[in-house]
$ cat target-v9.txt   # compact mmCIF, C-alpha atoms
# COMPACT_ATOMS: atom_id res chain seq x y z
CA MET K 522 0.00 0.00 0.00
CA MET K 523 2.81 2.41 1.00
CA ARG K 524 4.64 1.62 -2.21
CA LEU K 525 1.50 2.43 -4.23
CA LEU K 526 1.09 5.73 -2.46
CA LEU K 527 4.75 6.54 -3.02
CA LEU K 528 4.41 5.76 -6.71
CA ALA K 529 1.27 7.83 -6.91
CA THR K 530 3.08 10.73 -5.24
CA VAL K 531 6.02 10.44 -7.59
CA ALA K 532 3.65 10.26 -10.54
CA LEU K 533 1.82 13.35 -9.35
CA LEU K 534 5.10 15.21 -8.88
CA LEU K 535 6.19 14.22 -12.36
CA CYS K 536 2.85 15.39 -13.72
CA ALA K 537 3.36 18.69 -11.92
CA CYS K 538 6.81 19.05 -13.46
CA ALA K 539 5.43 18.42 -16.91
CA ALA K 540 2.51 20.85 -16.51
CA PRO K 541 2.53 23.61 -19.13
CA ALA K 542 3.53 27.11 -18.02
CA PRO K 543 0.56 29.32 -17.14
CA PRO K 544 -0.55 31.49 -20.05
CA VAL K 545 0.85 35.02 -20.06
CA VAL K 546 -1.89 37.37 -18.91
CA ASP K 547 -2.09 40.81 -20.51
CA PRO K 548 -2.84 43.15 -17.57
CA LEU K 549 -4.03 45.85 -19.98
CA ALA K 550 -6.22 43.56 -22.10
CA ALA K 551 -9.38 45.44 -21.15
CA LEU K 552 -7.91 48.67 -22.52
CA ARG K 553 -6.42 47.19 -25.67
CA ARG K 554 -7.98 47.90 -29.08
CA ALA K 555 -8.00 45.63 -32.13
CA ASP K 556 -4.89 47.34 -33.53
CA GLY K 557 -2.94 46.48 -30.34
CA THR K 558 -2.84 49.99 -28.92
CA VAL K 559 -3.93 50.67 -25.36
CA VAL K 560 -6.22 53.61 -24.63
CA TRP K 561 -5.24 55.08 -21.25
CA GLN K 562 -7.66 57.22 -19.22
CA GLU K 563 -9.44 58.06 -22.49
CA GLU K 564 -6.56 60.48 -23.11
CA TYR K 565 -3.74 58.60 -24.83
CA ALA K 566 -3.33 55.65 -27.18
CA PHE K 567 -0.01 53.82 -27.44
CA LEU K 568 1.65 50.47 -27.97
CA THR K 569 2.88 49.06 -24.67
CA PRO K 570 6.53 47.98 -24.51
CA PRO K 571 6.92 44.19 -24.78
CA ALA K 572 7.32 41.90 -21.72
CA PRO K 573 9.19 41.91 -19.37
CA TRP K 574 8.37 45.66 -19.31
CA SER K 575 5.56 46.13 -16.80
CA LEU K 576 3.26 48.95 -15.83
CA VAL K 577 4.43 50.92 -12.81
CA SER K 578 1.88 51.84 -10.17
CA LEU K 579 2.36 55.55 -9.56
CA ASP K 580 1.52 57.27 -6.30
CA GLU K 581 2.68 60.69 -7.41
CA ASP K 582 1.68 63.07 -10.16
CA ASP K 583 5.08 63.68 -11.73
CA TYR K 584 4.32 61.09 -14.42
CA SER K 585 1.13 60.24 -16.22
CA ILE K 586 2.10 56.68 -17.13
CA ALA K 587 5.25 54.65 -16.68
CA PHE K 588 6.71 51.21 -17.41
CA ALA K 589 9.76 49.53 -15.89
CA LYS K 590 11.98 46.61 -16.79
CA GLU K 591 14.35 44.97 -14.33
CA CYS K 592 16.92 42.22 -14.50
CA SER K 593 18.87 40.45 -11.78
CA ASP K 594 22.20 39.95 -13.57
CA TYR K 595 23.79 42.81 -11.65
CA PHE K 596 22.76 45.88 -9.68
CA PRO K 597 21.42 48.27 -10.73
CA CYS K 598 19.83 46.75 -13.81
CA GLN K 599 16.67 48.69 -14.48
CA SER K 600 15.11 50.69 -17.28
CA THR K 601 12.10 52.94 -17.07
CA LEU K 602 10.05 54.78 -19.64
CA ALA K 603 7.30 57.25 -18.95
CA TYR K 604 5.02 59.88 -20.36
CA ALA K 605 4.51 63.04 -18.31
CA GLU K 606 1.72 65.50 -18.95
CA GLU K 607 3.49 68.08 -16.78
CA PRO K 608 7.26 67.61 -17.02
CA PHE K 609 9.46 69.62 -14.63
CA GLY K 610 9.83 73.29 -15.53
CA TYR K 611 7.30 75.70 -16.92
CA SER K 612 8.53 77.40 -20.12
CA ASP K 613 6.79 76.71 -23.41
CA ASP K 614 10.07 77.14 -25.29
CA PHE K 615 11.75 73.72 -25.61
CA ASP K 616 15.32 74.88 -24.95
CA LYS K 617 14.32 76.84 -21.84
CA ARG K 618 12.16 73.95 -20.66
CA ALA K 619 15.03 71.48 -21.05
CA LYS K 620 17.25 73.72 -18.89
CA GLU K 621 14.54 73.96 -16.21
CA PHE K 622 13.77 70.26 -16.46
CA PHE K 623 17.31 69.05 -15.80
CA LYS K 624 17.53 71.12 -12.63
CA ARG K 625 15.11 68.66 -11.07
CA PHE K 626 15.38 65.44 -13.06
CA LEU K 627 16.55 62.63 -10.73
CA TRP K 628 17.63 65.35 -8.30
CA ALA K 629 17.45 63.00 -5.29
CA SER K 630 19.67 60.33 -6.89
CA ARG K 631 23.00 62.14 -6.25
CA VAL K 632 23.91 61.46 -9.86
CA VAL K 633 26.26 63.97 -11.49
CA PHE K 634 25.01 64.59 -15.01
CA ASP K 635 26.95 65.65 -18.09
CA GLU K 636 25.63 68.55 -20.13
CA PRO K 637 22.51 67.33 -22.02
CA GLN K 638 22.91 66.93 -25.79
CA LEU K 639 19.93 68.57 -27.49
CA GLU K 640 18.66 67.65 -30.93
CA PRO K 641 15.59 68.97 -32.78
CA ALA K 642 13.04 66.29 -33.67
CA THR K 643 9.37 65.89 -34.54
CA PHE K 644 6.50 64.28 -32.65
CA ASN K 645 3.15 63.63 -34.33
CA GLY K 646 4.29 65.94 -37.12
CA LYS K 647 5.07 68.86 -34.80
CA PRO K 648 8.46 70.18 -33.67
CA ALA K 649 9.95 68.44 -30.63
CA LEU K 650 13.29 68.32 -28.86
CA VAL K 651 15.31 65.27 -27.84
CA ALA K 652 17.73 65.56 -24.93
CA ARG K 653 20.27 62.83 -24.18
CA VAL K 654 22.33 62.83 -21.03
CA GLU K 655 24.46 60.46 -18.98
CA GLY K 656 24.97 60.68 -15.25
CA LYS K 657 27.32 58.91 -12.85
CA GLU K 658 27.10 58.09 -9.17
CA ARG K 659 30.81 57.67 -8.45
CA VAL K 660 30.45 56.58 -4.82
CA LYS K 661 28.21 53.62 -5.62
CA GLY K 662 29.81 53.00 -9.03
CA GLN K 663 26.54 53.36 -10.90
CA LYS K 664 25.56 55.16 -14.09
CA VAL K 665 22.38 56.14 -15.84
CA ALA K 666 21.64 56.99 -19.45
CA ALA K 667 18.60 59.16 -19.99
CA LYS K 668 16.71 60.36 -23.03
CA VAL K 669 13.92 62.90 -22.78
CA VAL K 670 11.64 63.90 -25.63
CA PHE K 671 9.99 67.29 -25.16
CA ALA K 672 6.87 67.44 -27.33
CA ARG K 673 3.75 69.53 -27.49
CA ARG K 674 0.10 68.84 -26.64
CA GLY K 675 -1.80 71.92 -27.69
CA GLU K 676 0.37 74.82 -26.60
CA ARG K 677 1.81 73.03 -23.55
CA VAL K 678 5.01 71.05 -23.35
CA VAL K 679 4.74 67.36 -22.46
CA GLY K 680 7.59 64.93 -21.96
CA PHE K 681 8.64 61.34 -22.55
CA TYR K 682 11.41 60.00 -20.28
CA TYR K 683 13.68 57.04 -20.60
CA THR K 684 16.35 55.93 -18.14
CA GLN K 685 18.62 52.91 -18.01
CA TRP K 686 20.59 52.21 -14.82
CA ARG K 687 23.70 50.06 -14.90
CA PRO K 688 26.88 49.48 -12.86
CA GLU K 689 29.58 51.78 -14.19
CA GLN K 690 31.60 48.99 -15.88
CA ILE K 691 28.61 47.35 -17.63
CA ALA K 692 27.56 48.48 -21.12
CA TYR K 693 24.05 49.81 -21.74
CA ASP K 694 21.54 47.59 -23.54
CA PRO K 695 20.30 49.40 -26.70
CA VAL K 696 17.17 47.20 -26.88
CA ASP K 697 15.52 49.14 -24.06
CA GLU K 698 15.98 52.45 -25.83
CA GLN K 699 14.40 50.93 -28.95
CA ALA K 700 11.38 49.97 -26.81
CA PHE K 701 11.17 53.58 -25.63
CA ASP K 702 11.41 54.91 -29.20
CA ALA K 703 8.64 52.54 -30.31
CA PHE K 704 6.48 53.69 -27.39
CA VAL K 705 6.97 57.35 -28.34
CA ASP K 706 6.39 56.69 -32.05
CA SER K 707 3.11 54.94 -31.29
CA PHE K 708 1.85 57.56 -28.81
CA LYS K 709 -1.24 59.54 -29.86
CA PHE K 710 -3.56 61.94 -28.06
CA VAL K 711 -7.11 60.65 -28.21
CA LYS K 712 -8.75 63.99 -27.43
CA PRO K 713 -7.83 67.62 -26.77
CA SER K 714 -6.22 68.13 -23.36
CA PHE K 715 -7.88 69.72 -20.34
CA TYR K 716 -5.96 72.92 -21.09
CA GLU K 717 -7.07 73.01 -24.72
CA GLN K 718 -10.69 72.77 -23.58
CA LEU K 719 -10.40 75.21 -20.68
CA MET I 797 5.42 76.24 -7.21
CA GLU I 798 6.58 75.28 -10.69
CA GLY I 799 3.02 74.24 -11.44
CA HIS I 800 1.75 77.70 -10.56
CA GLN I 801 4.47 79.29 -12.66
CA ARG I 802 3.39 77.05 -15.57
CA ASN I 803 -0.18 78.29 -15.21
CA LEU I 804 0.45 82.01 -14.68
CA HIS I 805 -0.89 82.94 -18.12
CA LEU I 806 -4.10 81.03 -17.34
CA TYR I 807 -4.45 82.76 -13.96
CA ASP I 808 -4.12 86.04 -15.88
CA ARG I 809 -6.86 84.90 -18.25
CA PHE I 810 -9.18 84.40 -15.26
CA ASN I 811 -8.12 87.65 -13.60
CA ALA I 812 -6.44 85.86 -10.69
CA ARG I 813 -3.07 86.36 -8.98
CA VAL I 814 -1.06 83.79 -7.06
CA VAL I 815 0.99 84.31 -3.90
CA GLY I 816 2.97 81.67 -2.02
CA VAL I 817 3.34 81.72 1.76
CA SER I 818 6.06 79.93 3.70
CA ARG I 819 7.59 79.90 7.18
CA ASN I 820 11.07 80.09 5.67
CA ASP I 821 13.03 83.31 6.08
CA VAL I 822 13.34 85.89 3.31
CA THR I 823 16.93 84.94 2.38
CA THR I 824 16.04 81.27 1.91
CA LEU I 825 12.91 82.08 -0.08
CA LYS I 826 14.79 84.51 -2.30
CA PHE I 827 17.43 81.89 -3.09
CA TRP I 828 14.76 79.28 -3.77
CA SER I 829 12.66 81.64 -5.88
CA ASP I 830 15.72 82.69 -7.91
CA GLU I 831 16.76 79.07 -8.41
CA LEU I 832 13.32 78.16 -9.78
CA GLU I 833 13.07 81.53 -11.59
CA LEU I 834 9.62 82.15 -10.13
CA THR I 835 8.05 85.45 -11.15
CA PHE I 836 5.24 85.58 -8.59
CA PRO I 837 5.70 86.66 -4.95
CA ILE I 838 6.52 84.27 -2.13
CA LEU I 839 5.75 85.71 1.30
CA SER I 840 7.87 84.90 4.33
CA ASN I 841 5.82 84.33 7.48
CA PRO I 842 8.22 82.88 10.10
CA VAL I 843 5.81 83.60 13.00
CA GLY I 844 3.25 81.41 11.26
CA HIS I 845 0.04 83.31 11.91
CA ILE I 846 -1.10 83.05 8.27
CA GLY I 847 -0.80 79.27 8.50
CA MET I 848 -2.77 79.35 11.75
CA TRP I 849 -5.56 81.38 10.15
CA PHE I 850 -5.91 78.88 7.32
CA GLY I 851 -5.40 75.72 9.40
CA ALA I 852 -2.10 74.92 7.73
CA LEU I 853 0.04 74.77 10.86
CA PRO I 854 0.04 71.23 12.26
CA PRO I 855 0.50 70.99 16.04
CA ALA I 856 4.15 70.62 17.17
CA TYR I 857 5.42 70.86 13.60
CA PRO I 858 7.51 73.81 12.42
CA MET I 859 6.40 74.02 8.77
CA PHE I 860 3.10 74.75 7.07
CA SER I 861 1.33 71.78 5.53
CA ARG I 862 0.51 72.27 1.83
CA LYS I 863 -2.78 73.99 1.28
CA THR I 864 -4.34 75.85 -1.63
CA VAL I 865 -6.74 78.68 -0.88
CA ILE I 866 -8.67 80.77 -3.39
CA ILE I 867 -10.00 84.08 -2.07
CA ASP I 868 -12.36 86.18 -4.15
CA ARG I 869 -12.32 89.93 -4.66
CA GLN I 870 -14.59 90.44 -1.63
CA GLY I 871 -12.17 88.52 0.61
CA VAL I 872 -14.35 85.43 0.83
CA ILE I 873 -12.60 82.04 0.80
CA ARG I 874 -14.10 80.16 -2.14
CA TYR I 875 -11.81 77.13 -2.28
CA MET I 876 -9.56 75.34 0.19
CA ARG I 877 -7.77 72.02 -0.39
CA ASN I 878 -4.99 70.20 1.46
CA GLY I 879 -2.03 68.54 -0.19
CA THR I 880 -0.48 68.83 -3.64
CA PRO I 881 -2.32 71.46 -5.70
CA ASP I 882 -4.88 70.01 -8.10
CA PHE I 883 -4.33 72.42 -10.98
CA HIS I 884 -7.31 71.22 -13.00
CA ASP I 885 -9.56 71.83 -10.00
CA ILE I 886 -7.97 75.21 -9.30
CA LEU I 887 -8.34 76.40 -12.90
CA LYS I 888 -11.94 75.21 -13.15
CA THR I 889 -12.72 77.13 -9.94
CA LEU I 890 -11.00 80.28 -11.20
CA LYS I 891 -12.84 80.05 -14.51
CA LYS I 892 -16.16 79.77 -12.67
CA LEU I 893 -15.38 82.68 -10.33
CA ASN I 894 -14.29 84.84 -13.22
CA ALA I 895 -17.51 84.05 -15.10
CA GLU I 896 -19.51 84.99 -11.99
CA GLU I 897 -17.67 88.30 -11.76
CA VAL I 898 -18.12 89.09 -15.45
CA LYS I 899 -21.90 88.46 -15.10
CA SER I 900 -22.35 90.66 -12.03
$ encode --input "target-v9.txt" --output "structure tokens"
Amino acid sequence: MMRLLLLATVALLLCACAAPAPPVVDPLAALRRADGTVVWQEEYAFLTPPAPWSLVSLDEDDYSIAFAKECSDYFPCQSTLAYAEEPFGYSDDFDKRAKEFFKRFLWASRVVFDEPQLEPATFNGKPALVARVEGKERVKGQKVAAKVVFARRGERVVGFYYTQWRPEQIAYDPVDEQAFDAFVDSFKFVKPSFYEQL
Amino acid sequence: MEGHQRNLHLYDRFNARVVGVSRNDVTTLKFWSDELELTFPILSNPVGHIGMWFGALPPAYPMFSRKTVIIDRQGVIRYMRNGTPDFHDILKTLKKLNAEEVKS
């Protein structure tokens, strides 16, 4: 009898080992349209970055939506991308806004940033500005690459952020920046903003 | 404060002015205001009576808690909210008050 039970247990364990992996659940399925874009808060439509990027739960109003991707190969190993309706600063001029923005961007991280490299761009057919910058935290031996796209919604400036954190001696992974670029390229405003309707 | 600076032109549109109040001293506020390049006034109230009047001075705590107050032309408080300013709410209120004033 004991031997039968043991066999049954082993068989069950083997069955458990052979069980197929649970299906990947799309946490934003309810918001996803037929073309694959997600409509967020009836304001924005965009393609979400592919797994393992995941939606970040935000308890502050600095960002409107954000995704993060982490790995455990080394520390830090994290990338984030976000859209902000109200990026730091206040000027409507892109160059002035970039200057104001970088006074506060990651200000609590103790990272020392290089001078941002600014490059004119377009977003949804309108002028935009791309800022690239790298920062280093020498004490902890960490670095961060950041890319910020300043764009326009109505007359106001909005922003897309991307950061990738790595140990100082580890190279950045360009795939994450491609995910950010794809997110920005897909991003559309579904309706006029609050300020456009005020 | 940056949020208010961002919305100054909208406050103008609704005939409103913004003033910040803090318990910090004048030197500190001037440095801070210059650093953020704010163009609206920040008042220094180290004694704290303005915070007391508006219920923004928590017991046994030296700083004001964040509070947004809208006062109309007659001196009547028409809006009061704790915490981070809700700029949509503030602007909707100012728009409504301005419309009331234009009508009267």
$ residues_around --input "target-v9.txt" --residues "Asp697 of chain K" --least-positions-apart "3" --cutoff "12 Å" --atoms "only C-alpha atoms" --output "VMD selection string"
chain K and resid 570 to 574 588 to 592 598 to 602 666 to 668 683 to 686 693 to 694 700 to 704
$ write_last_selection --input "target-v9.txt" --atoms "C-alpha atoms" --output "short mmCIF file (atom, residue, chain, number, x, y, z; two decimals), keeping the file's coordinate frame"
data_model
loop_
_atom_site.label_atom_id
_atom_site.label_comp_id
_atom_site.auth_asym_id
_atom_site.auth_seq_id
_atom_site.Cartn_x
_atom_site.Cartn_y
_atom_site.Cartn_z
CA PRO K 570 6.53 47.98 -24.51
CA PRO K 571 6.92 44.19 -24.78
CA ALA K 572 7.32 41.90 -21.72
CA PRO K 573 9.19 41.91 -19.37
CA TRP K 574 8.37 45.66 -19.31
CA PHE K 588 6.71 51.21 -17.41
CA ALA K 589 9.76 49.53 -15.89
CA LYS K 590 11.98 46.61 -16.79
CA GLU K 591 14.35 44.97 -14.33
CA CYS K 592 16.92 42.22 -14.50
CA CYS K 598 19.83 46.75 -13.81
CA GLN K 599 16.67 48.69 -14.48
CA SER K 600 15.11 50.69 -17.28
CA THR K 601 12.10 52.94 -17.07
CA LEU K 602 10.05 54.78 -19.64
CA ALA K 666 21.64 56.99 -19.45
CA ALA K 667 18.60 59.16 -19.99
CA LYS K 668 16.71 60.36 -23.03
CA TYR K 683 13.68 57.04 -20.60
CA THR K 684 16.35 55.93 -18.14
CA GLN K 685 18.62 52.91 -18.01
CA TRP K 686 20.59 52.21 -14.82
CA TYR K 693 24.05 49.81 -21.74
CA ASP K 694 21.54 47.59 -23.54
CA ALA K 700 11.38 49.97 -26.81
CA PHE K 701 11.17 53.58 -25.63
CA ASP K 702 11.41 54.91 -29.20
CA ALA K 703 8.64 52.54 -30.31
CA PHE K 704 6.48 53.69 -27.39
#
$ interface_residues --input "target-v9.txt" --of "chain K" --to "chain I" --cutoff "9 Å" --atoms "only C-alpha atoms" --output "list in words"
Asp582, Glu607, Phe609, Gly610, Tyr611, Ser612, Asp613, Glu621, Lys624, Phe715, Tyr716 and Leu719 of chain K
$ closest_residue --input "target-v9.txt" --among "K:Ala555, K:Glu689, K:Arg631, K:Val705" --to "Thr569 of chain K" --atoms "all atoms listed in the file"
K:Val705
$ atom_distance --input "target-v9.txt" --atom1 "atom CA of Ala649 of chain K" --atom2 "atom CA of Ala603 of chain K"
16.4 Å
$ atom_distance --input "target-v9.txt" --atom1 "atom CA of Asp594 of chain K" --atom2 "atom CA of Tyr682 of chain K"
23.7 Å
$ closest_residue --input "target-v9.txt" --among "K:Leu549, K:Val654, K:Ala566, K:Ala587" --to "Phe626 of chain K" --atoms "all atoms listed in the file"
K:Val654
$ axis_aligned_box --input "target-v9.txt" --around "segment 686-697 of chain K" --padding-each-side "3 Å" --output "AutoDock Vina command-line options"
--center_x 23.6 --center_y 49.7 --center_z -19.9 --size_x 22.1 --size_y 11.0 --size_z 20.0
$ residues_around --input "target-v9.txt" --residues "Ser840 of chain I" --least-positions-apart "4" --cutoff "10 Å" --atoms "only C-alpha atoms" --output "PyMOL selection string"
chain I and resi 816-826+844+846
$ atom_distance --input "target-v9.txt" --atom1 "atom CA of Tyr875 of chain I" --atom2 "atom CA of Asp808 of chain I"
18.0 Å
$ residues_around --input "target-v9.txt" --residues "segment 660-663 of chain K" --least-positions-apart "5" --cutoff "9 Å" --atoms "all atoms listed in the file" --output "compact mmCIF listing (two decimals) with C-alpha atoms, in the frame of the given file"
# COMPACT_ATOMS: atom_id res chain seq x y z
CA PHE K 596 22.76 45.88 -9.68
CA PRO K 597 21.42 48.27 -10.73
CA VAL K 632 23.91 61.46 -9.86
CA TRP K 686 20.59 52.21 -14.82
CA ARG K 687 23.70 50.06 -14.90
CA PRO K 688 26.88 49.48 -12.86
CA GLU K 689 29.58 51.78 -14.19
CA GLN K 690 31.60 48.99 -15.88
$ residues_around --input "target-v9.txt" --residues "Pro608 of chain K" --least-positions-apart "2" --cutoff "9 Å" --atoms "all atoms listed in the file" --output "PyMOL selection string"
chain K and resi 583-584+604-606+610-611+618+622+671+678-681
$ closest_residue --input "target-v9.txt" --among "K:Ser630, K:Ser707, K:Gln562, K:Gln718" --to "Val665 of chain K" --atoms "all atoms listed in the file"
K:Ser630
$ closest_residue --input "target-v9.txt" --among "K:Glu655, K:Glu563, K:Arg553, K:Pro641" --to "Pro713 of chain K" --atoms "only C-alpha atoms"
K:Glu563
$ residues_around --input "target-v9.txt" --residues "Gly847 of chain I" --least-positions-apart "4" --cutoff "12 Å" --atoms "all atoms listed in the file" --output "PyMOL selection string"
chain I and resi 816-819+839-843+851-855+857-865
